[in-house]
>>> print(open('work.pdb').read())   # PDB, C-alpha atoms, pLDDT in the B column
ATOM      1  CA  MET H   7     255.990  -0.052 -20.625  1.00 36.00           C
ATOM      2  CA  SER H   8     255.300  -3.070 -18.421  1.00 37.00           C
ATOM      3  CA  SER H   9     252.218  -2.967 -16.250  1.00 35.00           C
ATOM      4  CA  TYR H  10     252.367  -4.579 -12.829  1.00 34.00           C
ATOM      5  CA  LEU H  11     249.486  -5.445 -10.529  1.00 33.00           C
ATOM      6  CA  ALA H  12     250.592  -7.173  -7.331  1.00 35.00           C
ATOM      7  CA  LEU H  13     248.519  -8.576  -4.505  1.00 32.00           C
ATOM      8  CA  LEU H  14     249.193 -11.029  -1.744  1.00 32.00           C
ATOM      9  CA  VAL H  15     246.891 -14.017  -1.598  1.00 34.00           C
ATOM     10  CA  PRO H  16     246.476 -16.326   1.429  1.00 34.00           C
ATOM     11  CA  VAL H  17     248.971 -18.936   0.253  1.00 39.00           C
ATOM     12  CA  CYS H  18     251.635 -16.239  -0.102  1.00 46.00           C
ATOM     13  CA  LEU H  19     251.686 -16.216  -3.891  1.00 53.00           C
ATOM     14  CA  VAL H  20     251.993 -12.960  -5.798  1.00 54.00           C
ATOM     15  CA  VAL H  21     249.759 -12.313  -8.801  1.00 56.00           C
ATOM     16  CA  LEU H  22     251.301 -10.034 -11.423  1.00 55.00           C
ATOM     17  CA  GLN H  23     250.017  -8.494 -14.602  1.00 53.00           C
ATOM     18  CA  PHE H  24     253.163  -8.753 -16.714  1.00 54.00           C
ATOM     19  CA  HIS H  25     253.105  -7.436 -20.297  1.00 58.00           C
ATOM     20  CA  GLY H  26     249.349  -7.931 -20.383  1.00 62.00           C
ATOM     21  CA  HIS H  27     249.486 -11.477 -19.015  1.00 61.00           C
ATOM     22  CA  ILE H  28     248.432 -12.617 -15.559  1.00 63.00           C
ATOM     23  CA  VAL H  29     251.368 -14.412 -13.915  1.00 61.00           C
ATOM     24  CA  VAL H  30     251.340 -16.177 -10.574  1.00 60.00           C
ATOM     25  CA  ALA H  31     254.777 -15.510  -9.103  1.00 54.00           C
ATOM     26  CA  TRP H  32     256.457 -17.449  -6.338  1.00 49.00           C
ATOM     27  CA  PRO H  33     257.182 -16.002  -2.894  1.00 59.00           C
ATOM     28  CA  PRO H  34     260.400 -14.002  -2.322  1.00 72.00           C
ATOM     29  CA  ASP H  35     262.417 -17.230  -2.326  1.00 93.00           C
ATOM     30  CA  PRO H  36     261.682 -18.782  -5.734  1.00 96.00           C
ATOM     31  CA  THR H  37     262.605 -22.248  -4.466  1.00 96.00           C
ATOM     32  CA  TYR H  38     259.657 -22.270  -2.040  1.00 94.00           C
ATOM     33  CA  GLY H  39     257.691 -25.513  -2.408  1.00 95.00           C
ATOM     34  CA  PHE H  40     260.274 -27.137  -4.701  1.00 97.00           C
ATOM     35  CA  ILE H  41     262.253 -30.283  -3.923  1.00 98.00           C
ATOM     36  CA  SER H  42     266.011 -30.124  -4.506  1.00 98.00           C
ATOM     37  CA  LEU H  43     267.100 -33.198  -6.472  1.00 98.00           C
ATOM     38  CA  PRO H  44     270.392 -35.014  -5.804  1.00 98.00           C
ATOM     39  CA  LEU H  45     273.351 -33.924  -7.954  1.00 96.00           C
ATOM     40  CA  ASN H  46     276.893 -35.277  -8.160  1.00 94.00           C
ATOM     41  CA  ASN H  47     279.727 -35.230 -10.669  1.00 92.00           C
ATOM     42  CA  SER H  48     278.004 -37.818 -12.849  1.00 95.00           C
ATOM     43  CA  ASN H  49     275.220 -35.284 -13.527  1.00 97.00           C
ATOM     44  CA  PHE H  50     277.668 -32.675 -14.882  1.00 98.00           C
ATOM     45  CA  HIS H  51     278.564 -33.312 -18.514  1.00 97.00           C
ATOM     46  CA  ILE H  52     281.257 -30.904 -19.728  1.00 98.00           C
ATOM     47  CA  GLN H  53     280.945 -29.874 -23.365  1.00 97.00           C
ATOM     48  CA  LYS H  54     284.177 -28.252 -24.571  1.00 98.00           C
ATOM     49  CA  PRO H  55     286.160 -27.870 -27.820  1.00 98.00           C
ATOM     50  CA  TYR H  56     286.551 -31.392 -29.179  1.00 98.00           C
ATOM     51  CA  ASP H  57     290.317 -31.128 -29.696  1.00 97.00           C
ATOM     52  CA  LEU H  58     291.156 -30.044 -26.136  1.00 98.00           C
ATOM     53  CA  PRO H  59     291.188 -31.869 -22.808  1.00 98.00           C
ATOM     54  CA  VAL H  60     288.617 -30.758 -20.259  1.00 98.00           C
ATOM     55  CA  SER H  61     291.334 -29.260 -18.037  1.00 98.00           C
ATOM     56  CA  GLU H  62     292.196 -26.632 -20.661  1.00 98.00           C
ATOM     57  CA  ARG H  63     288.714 -25.113 -20.579  1.00 98.00           C
ATOM     58  CA  TYR H  64     287.228 -26.115 -17.199  1.00 98.00           C
ATOM     59  CA  SER H  65     288.207 -26.289 -13.552  1.00 98.00           C
ATOM     60  CA  PHE H  66     286.430 -27.109 -10.313  1.00 98.00           C
ATOM     61  CA  ILE H  67     288.177 -25.681  -7.245  1.00 98.00           C
ATOM     62  CA  ASP H  68     286.747 -24.913  -3.806  1.00 98.00           C
ATOM     63  CA  GLY H  69     283.198 -25.496  -5.004  1.00 97.00           C
ATOM     64  CA  ILE H  70     283.474 -23.152  -8.018  1.00 98.00           C
ATOM     65  CA  HIS H  71     283.009 -24.328 -11.597  1.00 98.00           C
ATOM     66  CA  LYS H  72     285.112 -22.126 -13.895  1.00 98.00           C
ATOM     67  CA  LEU H  73     284.412 -22.415 -17.629  1.00 98.00           C
ATOM     68  CA  TRP H  74     286.121 -20.492 -20.404  1.00 98.00           C
ATOM     69  CA  VAL H  75     286.392 -20.593 -24.181  1.00 98.00           C
ATOM     70  CA  LEU H  76     288.044 -18.636 -27.005  1.00 98.00           C
ATOM     71  CA  SER H  77     286.258 -17.346 -30.080  1.00 98.00           C
ATOM     72  CA  THR H  78     288.755 -19.271 -32.220  1.00 98.00           C
ATOM     73  CA  ASP H  79     288.108 -22.618 -30.515  1.00 98.00           C
ATOM     74  CA  LYS H  80     286.629 -25.630 -32.269  1.00 97.00           C
ATOM     75  CA  PRO H  81     282.998 -26.684 -31.677  1.00 96.00           C
ATOM     76  CA  HIS H  82     282.195 -29.402 -29.145  1.00 96.00           C
ATOM     77  CA  SER H  83     282.202 -32.209 -31.704  1.00 94.00           C
ATOM     78  CA  LEU H  84     283.673 -32.953 -35.124  1.00 93.00           C
ATOM     79  CA  THR H  85     280.235 -32.972 -36.722  1.00 94.00           C
ATOM     80  CA  SER H  86     278.916 -29.811 -35.043  1.00 92.00           C
ATOM     81  CA  HIS H  87     278.694 -26.499 -36.892  1.00 92.00           C
ATOM     82  CA  THR H  88     277.877 -24.512 -33.764  1.00 95.00           C
ATOM     83  CA  ALA H  89     280.012 -21.820 -32.159  1.00 97.00           C
ATOM     84  CA  PRO H  90     282.659 -22.552 -29.502  1.00 98.00           C
ATOM     85  CA  ARG H  91     281.426 -23.443 -26.041  1.00 98.00           C
ATOM     86  CA  THR H  92     282.382 -24.798 -22.668  1.00 98.00           C
ATOM     87  CA  GLU H  93     279.192 -25.731 -20.877  1.00 98.00           C
ATOM     88  CA  ILE H  94     277.923 -27.914 -18.090  1.00 98.00           C
ATOM     89  CA  GLY H  95     275.001 -29.954 -19.367  1.00 98.00           C
ATOM     90  CA  ILE H  96     272.846 -31.384 -16.582  1.00 98.00           C
ATOM     91  CA  ARG H  97     272.461 -35.120 -17.189  1.00 97.00           C
ATOM     92  CA  GLY H  98     269.813 -37.339 -15.661  1.00 97.00           C
ATOM     93  CA  TYR H  99     267.161 -34.653 -15.354  1.00 98.00           C
ATOM     94  CA  ALA H 100     265.795 -34.136 -18.847  1.00 97.00           C
ATOM     95  CA  TYR H 101     262.091 -33.345 -18.544  1.00 97.00           C
ATOM     96  CA  SER H 102     258.957 -33.207 -20.661  1.00 97.00           C
ATOM     97  CA  SER H 103     256.294 -32.314 -18.071  1.00 97.00           C
ATOM     98  CA  GLY H 104     255.916 -30.704 -14.675  1.00 97.00           C
ATOM     99  CA  VAL H 105     257.507 -27.594 -13.151  1.00 98.00           C
ATOM    100  CA  TRP H 106     261.300 -27.587 -13.019  1.00 98.00           C
ATOM    101  CA  GLN H 107     263.854 -25.135 -11.707  1.00 98.00           C
ATOM    102  CA  PHE H 108     267.553 -24.412 -12.199  1.00 98.00           C
ATOM    103  CA  GLU H 109     269.432 -22.539  -9.501  1.00 98.00           C
ATOM    104  CA  GLY H 110     273.033 -21.363  -9.390  1.00 98.00           C
ATOM    105  CA  HIS H 111     275.227 -18.441  -8.421  1.00 98.00           C
ATOM    106  CA  ALA H 112     277.095 -16.935 -11.362  1.00 98.00           C
ATOM    107  CA  TYR H 113     280.083 -14.632 -11.788  1.00 98.00           C
ATOM    108  CA  ILE H 114     280.980 -12.964 -15.097  1.00 98.00           C
ATOM    109  CA  PRO H 115     284.329 -11.155 -15.355  1.00 98.00           C
ATOM    110  CA  SER H 116     284.465  -7.788 -17.089  1.00 98.00           C
ATOM    111  CA  GLY H 117     285.148  -8.086 -20.812  1.00 98.00           C
ATOM    112  CA  THR H 118     283.190 -11.292 -21.436  1.00 98.00           C
ATOM    113  CA  THR H 119     280.505 -10.420 -23.976  1.00 98.00           C
ATOM    114  CA  GLY H 120     278.426 -11.913 -26.777  1.00 98.00           C
ATOM    115  CA  VAL H 121     277.945 -15.143 -24.872  1.00 98.00           C
ATOM    116  CA  CYS H 122     275.174 -17.363 -23.537  1.00 98.00           C
ATOM    117  CA  ILE H 123     275.771 -18.253 -19.879  1.00 98.00           C
ATOM    118  CA  MET H 124     272.654 -20.351 -19.223  1.00 98.00           C
ATOM    119  CA  GLN H 125     270.072 -22.050 -21.396  1.00 98.00           C
ATOM    120  CA  ILE H 126     267.068 -24.320 -21.395  1.00 98.00           C
ATOM    121  CA  PHE H 127     267.763 -26.699 -24.247  1.00 97.00           C
ATOM    122  CA  GLY H 128     264.872 -27.954 -26.360  1.00 94.00           C
ATOM    123  CA  ALA H 129     262.157 -26.172 -28.337  1.00 94.00           C
ATOM    124  CA  ASN H 130     259.960 -26.576 -31.408  1.00 92.00           C
ATOM    125  CA  ARG H 131     261.527 -24.361 -34.076  1.00 89.00           C
ATOM    126  CA  THR H 132     264.772 -23.377 -32.351  1.00 92.00           C
ATOM    127  CA  ALA H 133     267.336 -25.253 -30.306  1.00 94.00           C
ATOM    128  CA  THR H 134     266.492 -23.499 -27.046  1.00 96.00           C
ATOM    129  CA  THR H 135     263.507 -22.351 -25.017  1.00 97.00           C
ATOM    130  CA  LEU H 136     265.615 -19.844 -23.062  1.00 97.00           C
ATOM    131  CA  MET H 137     269.012 -18.221 -23.385  1.00 97.00           C
ATOM    132  CA  LEU H 138     270.512 -15.872 -20.815  1.00 98.00           C
ATOM    133  CA  ARG H 139     273.208 -13.900 -22.614  1.00 98.00           C
ATOM    134  CA  VAL H 140     275.715 -11.253 -21.612  1.00 98.00           C
ATOM    135  CA  TYR H 141     276.364  -8.221 -23.816  1.00 98.00           C
ATOM    136  CA  ASN H 142     278.692  -5.506 -22.497  1.00 97.00           C
ATOM    137  CA  GLY H 143     277.824  -6.276 -18.907  1.00 97.00           C
ATOM    138  CA  ALA H 144     274.055  -6.544 -19.366  1.00 98.00           C
ATOM    139  CA  LEU H 145     272.275  -9.825 -18.751  1.00 98.00           C
ATOM    140  CA  MET H 146     269.753 -10.308 -21.545  1.00 98.00           C
ATOM    141  CA  TYR H 147     266.968 -12.597 -22.757  1.00 98.00           C
ATOM    142  CA  TYR H 148     268.563 -13.682 -26.026  1.00 96.00           C
ATOM    143  CA  LYS H 149     269.422 -10.254 -27.504  1.00 95.00           C
ATOM    144  CA  SER H 150     265.922  -8.803 -27.288  1.00 91.00           C
ATOM    145  CA  GLN H 151     265.415  -7.717 -23.683  1.00 95.00           C
ATOM    146  CA  VAL H 152     267.659  -6.493 -20.876  1.00 97.00           C
ATOM    147  CA  ILE H 153     267.135  -8.405 -17.626  1.00 97.00           C
ATOM    148  CA  VAL H 154     269.818  -6.737 -15.467  1.00 97.00           C
ATOM    149  CA  ASP H 155     271.903  -3.759 -16.568  1.00 95.00           C
ATOM    150  CA  ASP H 156     275.273  -4.546 -14.982  1.00 94.00           C
ATOM    151  CA  ILE H 157     276.341  -7.961 -13.761  1.00 97.00           C
ATOM    152  CA  TYR H 158     280.114  -7.786 -14.261  1.00 98.00           C
ATOM    153  CA  GLY H 159     282.433  -8.588 -11.394  1.00 98.00           C
ATOM    154  CA  ARG H 160     279.941  -9.783  -8.775  1.00 98.00           C
ATOM    155  CA  TRP H 161     278.205 -12.993  -7.762  1.00 98.00           C
ATOM    156  CA  PHE H 162     274.491 -13.081  -8.513  1.00 98.00           C
ATOM    157  CA  ARG H 163     271.873 -15.737  -7.904  1.00 98.00           C
ATOM    158  CA  VAL H 164     270.059 -17.184 -10.910  1.00 98.00           C
ATOM    159  CA  ASN H 165     266.751 -19.058 -10.627  1.00 98.00           C
ATOM    160  CA  VAL H 166     264.970 -20.214 -13.768  1.00 98.00           C
ATOM    161  CA  ILE H 167     261.558 -21.895 -13.499  1.00 98.00           C
ATOM    162  CA  HIS H 168     260.030 -23.728 -16.451  1.00 98.00           C
ATOM    163  CA  ASP H 169     256.355 -24.635 -16.120  1.00 97.00           C
ATOM    164  CA  ILE H 170     255.605 -27.006 -18.989  1.00 97.00           C
ATOM    165  CA  GLY H 171     251.843 -27.064 -18.433  1.00 95.00           C
ATOM    166  CA  ALA H 172     251.584 -23.268 -18.377  1.00 96.00           C
ATOM    167  CA  LYS H 173     254.151 -22.943 -21.207  1.00 96.00           C
ATOM    168  CA  LEU H 174     255.880 -20.326 -19.064  1.00 97.00           C
ATOM    169  CA  VAL H 175     259.494 -19.513 -18.181  1.00 98.00           C
ATOM    170  CA  LYS H 176     260.362 -17.206 -15.288  1.00 98.00           C
ATOM    171  CA  VAL H 177     263.778 -15.791 -14.463  1.00 98.00           C
ATOM    172  CA  PHE H 178     264.688 -14.523 -11.008  1.00 98.00           C
ATOM    173  CA  ILE H 179     267.916 -12.651 -10.318  1.00 97.00           C
ATOM    174  CA  ASP H 180     268.938 -12.363  -6.665  1.00 97.00           C
ATOM    175  CA  GLY H 181     265.463 -13.573  -5.725  1.00 96.00           C
ATOM    176  CA  GLU H 182     263.607 -10.928  -7.744  1.00 95.00           C
ATOM    177  CA  LEU H 183     261.355 -11.807 -10.695  1.00 96.00           C
ATOM    178  CA  LYS H 184     262.924 -10.172 -13.735  1.00 97.00           C
ATOM    179  CA  LEU H 185     261.384 -11.994 -16.691  1.00 97.00           C
ATOM    180  CA  ALA H 186     258.259 -14.005 -17.483  1.00 97.00           C
ATOM    181  CA  VAL H 187     257.889 -15.250 -21.066  1.00 97.00           C
ATOM    182  CA  ASN H 188     256.140 -17.979 -22.992  1.00 95.00           C
ATOM    183  CA  ASP H 189     258.266 -21.027 -23.648  1.00 96.00           C
ATOM    184  CA  ARG H 190     259.011 -22.246 -27.174  1.00 95.00           C
ATOM    185  CA  GLY H 191     257.465 -25.681 -27.028  1.00 93.00           C
ATOM    186  CA  GLY H 192     259.426 -28.844 -27.604  1.00 94.00           C
ATOM    187  CA  ALA H 193     259.165 -32.415 -26.368  1.00 93.00           C
ATOM    188  CA  LEU H 194     262.231 -32.631 -24.116  1.00 97.00           C
ATOM    189  CA  HIS H 195     264.238 -30.069 -22.156  1.00 98.00           C
ATOM    190  CA  SER H 196     267.384 -29.818 -20.053  1.00 98.00           C
ATOM    191  CA  PHE H 197     269.468 -27.159 -18.297  1.00 98.00           C
ATOM    192  CA  LYS H 198     272.937 -25.960 -19.277  1.00 98.00           C
ATOM    193  CA  CYS H 199     275.294 -23.276 -18.000  1.00 98.00           C
ATOM    194  CA  GLY H 200     278.756 -22.012 -18.850  1.00 98.00           C
ATOM    195  CA  VAL H 201     279.895 -20.061 -21.911  1.00 98.00           C
ATOM    196  CA  TYR H 202     278.562 -20.510 -25.450  1.00 98.00           C
ATOM    197  CA  ALA H 203     279.693 -17.939 -28.010  1.00 98.00           C
ATOM    198  CA  GLN H 204     276.977 -15.873 -29.717  1.00 97.00           C
ATOM    199  CA  ASN H 205     277.126 -12.939 -32.113  1.00 95.00           C
ATOM    200  CA  ASP H 206     279.558 -10.063 -31.376  1.00 96.00           C
ATOM    201  CA  ASN H 207     281.497 -12.201 -28.920  1.00 98.00           C
ATOM    202  CA  SER H 208     284.724 -11.289 -27.181  1.00 98.00           C
ATOM    203  CA  TYR H 209     287.876 -13.293 -27.889  1.00 98.00           C
ATOM    204  CA  PHE H 210     287.941 -14.665 -24.331  1.00 98.00           C
ATOM    205  CA  MET H 211     284.702 -15.673 -22.593  1.00 98.00           C
ATOM    206  CA  GLU H 212     284.382 -16.916 -19.028  1.00 98.00           C
ATOM    207  CA  SER H 213     281.720 -17.658 -16.441  1.00 98.00           C
ATOM    208  CA  GLN H 214     281.955 -19.137 -12.980  1.00 98.00           C
ATOM    209  CA  TRP H 215     279.212 -21.069 -11.203  1.00 98.00           C
ATOM    210  CA  LYS H 216     278.633 -22.405  -7.699  1.00 98.00           C
ATOM    211  CA  ASN H 217     275.780 -23.934  -5.703  1.00 98.00           C
ATOM    212  CA  ILE H 218     274.198 -25.425  -8.826  1.00 98.00           C
ATOM    213  CA  LYS H 219     270.881 -27.141  -8.117  1.00 98.00           C
ATOM    214  CA  VAL H 220     268.031 -28.756 -10.018  1.00 98.00           C
ATOM    215  CA  LEU H 221     264.650 -28.595  -8.305  1.00 98.00           C
ATOM    216  CA  LYS H 222     261.188 -29.887  -9.099  1.00 98.00           C
ATOM    217  CA  LEU H 223     257.726 -28.968  -7.886  1.00 97.00           C
ATOM    218  CA  PRO H 224     256.049 -32.103  -6.504  1.00 95.00           C
ATOM    219  CA  ASP H 225     253.383 -33.536  -8.815  1.00 87.00           C
TER     220      ASP H 225
END
>>> encode(input="work.pdb", output="structure tokens")
Amino acid sequence: MSSYLALLVPVCLVVLQFHGHIVVAWPPDPTYGFISLPLNNSNFHIQKPYDLPVSERYSFIDGIHKLWVLSTDKPHSLTSHTAPRTEIGIRGYAYSSGVWQFEGHAYIPSGTTGVCIMQIFGANRTATTLMLRVYNGALMYYKSQVIVDDIYGRWFRVNVIHDIGAKLVKVFIDGELKLAVNDRGGALHSFKCGVYAQNDNSYFMESQWKNIKVLKLPD
């Protein structure tokens, strides 16, 4: 069972003992102290089945990115052997040092399962440092740890902070720290969100995103 020790220090940081590790958590708003970086359409690269036009797997209406994919779809390129996906890859903000943050509001319809909805790409021995997956309504860290029990059918805020120097990844859901884990190394990282089929996936997979931001802690 996790052990928590919380205390407020003068600069309004919270110190936690999390799974035996001392973690300095951010204030209630995880974006505190971060700078929001400019984003426009040129920063959103849509990866989708290579044989389909973007419009058959992605839409952007009234500020909402809607991404969907079928388990029978092709991979995102002719040479790829990965599972089907429709993802937004954030271009222009790949990073190798510093403290970076992804923020977005997500909506997962009931029935979507066996899918990665957000990832930090780049690691030493695997492709990713972080995957947030959905299995039967639960938001999970890969398939090893439940983060939130039931996220179907509602908007929820996602904040992911990657501290390269501390080799630490923190996940906040609706402003609450839910996960703090070591990263998986790697020389270069970037953020992605959408739907990327994993094991035990449903035939139809969908996620919706709005208010997507990339933030950085000043050096």
>>> resolve_selection(input="work.pdb", expression="the PyMOL selection byres ((chain H and resi 109) around 6)", output="PyMOL selection string")
chain H and resi 108+110+164-165+218-219
>>> closest_residue(input="work.pdb", among="H:Tyr202, H:Phe178, H:Trp161, H:Tyr101", to="H:Val220", atoms="only C-alpha atoms")
H:Tyr101
>>> atom_distance(input="work.pdb", atom1="atom CA of H:Val201", atom2="atom CA of H:Asn188")
23.9 Å
>>> axis_aligned_box(input="work.pdb", around="stretch 182-196 of chain H", padding_each_side="5 Å", output="lines of an AutoDock Vina configuration file")
center_x = 261.8
center_y = -21.4
center_z = -17.7
size_x = 21.2
size_y = 32.5
size_z = 29.9
>>> atom_distance(input="work.pdb", atom1="atom CA of H:Leu145", atom2="atom CA of H:Thr92")
18.5 Å
>>> atom_distance(input="work.pdb", atom1="atom CA of H:Leu45", atom2="atom CA of H:Tyr113")
20.8 Å
>>> closest_residue(input="work.pdb", among="H:Ala193, H:Ile157, H:Ile67, H:Met137", to="H:Ser116", atoms="only C-alpha atoms")
H:Ile157
>>> residues_around(input="work.pdb", residues="H:Asn130", least_positions_apart="3", cutoff="7 Å", atoms="all atoms listed in the file", output="ChimeraX atom specification")
/H:190-192
>>> closest_atom_pairs(input="work.pdb", of="stretch 143-162 of chain H", to="stretch 117-125 of chain H", cutoff="10 Å", atoms="all atoms listed in the file", output="Markdown table")
| residue | atom | partner | partner_atom | distance |
| --- | --- | --- | --- | --- |
| H:Gly143 | CA | H:Thr119 | CA | 7.1 |
| H:Ala144 | CA | H:Thr119 | CA | 8.8 |
| H:Leu145 | CA | H:Ile123 | CA | 9.2 |
| H:Met146 | CA | H:Cys122 | CA | 9.1 |
| H:Tyr147 | CA | H:Cys122 | CA | 9.5 |
| H:Tyr148 | CA | H:Cys122 | CA | 8.0 |
| H:Lys149 | CA | H:Gly120 | CA | 9.2 |
| H:Tyr158 | CA | H:Gly117 | CA | 8.3 |
| H:Gly159 | CA | H:Gly117 | CA | 9.8 |
>>> residues_around(input="work.pdb", residues="H:Glu182", least_positions_apart="6", cutoff="9 Å", atoms="all atoms listed in the file", output="ChimeraX atom specification")
/H:34-36
>>> write_last_selection(input="work.pdb", atoms="C-alpha atoms", output="short mmCIF file (atom, residue, chain, number, x, y, z; two decimals), in the frame of the given file")
data_model
loop_
_atom_site.label_atom_id
_atom_site.label_comp_id
_atom_site.auth_asym_id
_atom_site.auth_seq_id
_atom_site.Cartn_x
_atom_site.Cartn_y
_atom_site.Cartn_z
CA PRO H 34 260.40 -14.00 -2.32
CA ASP H 35 262.42 -17.23 -2.33
CA PRO H 36 261.68 -18.78 -5.73
#
>>> residues_around(input="work.pdb", residues="stretch 51-58 of chain H", least_positions_apart="3", cutoff="7 Å", atoms="only C-alpha atoms", output="ChimeraX atom specification")
/H:62-63,79-84,90-97
>>> closest_residue(input="work.pdb", among="H:Ser213, H:Ser150, H:Asn142, H:Ser102", to="H:His195", atoms="all atoms listed in the file")
H:Ser102
>>> residues_around(input="work.pdb", residues="H:Leu221", least_positions_apart="6", cutoff="9 Å", atoms="all atoms listed in the file", output="MDAnalysis selection string")
chainID H and resid 37 40:44 105:109
>>> resolve_selection(input="work.pdb", expression="the PyMOL selection byres ((chain H and resi 177) around 8)", output="PyMOL selection string")
chain H and resi 164-167+175-176+178-179+183-186
>>> residues_near_point(input="work.pdb", point="(283.3, -21.7, -15.2)", cutoff="7 Å", atoms="all atoms listed in the file", output="list in words")
Tyr64, Ser65, His71, Lys72, Leu73, Trp74, Gly200, Glu212, Ser213, Gln214 and Trp215 of chain H
>>> closest_residue(input="work.pdb", among="H:Ala172, H:Asp180, H:Val187, H:Gly104", to="H:Gln151", atoms="all atoms listed in the file")
H:Val187
>>> closest_residue(input="work.pdb", among="H:Leu138, H:Ala100, H:Met211, H:Ala112", to="H:Phe197", atoms="only C-alpha atoms")
H:Ala100
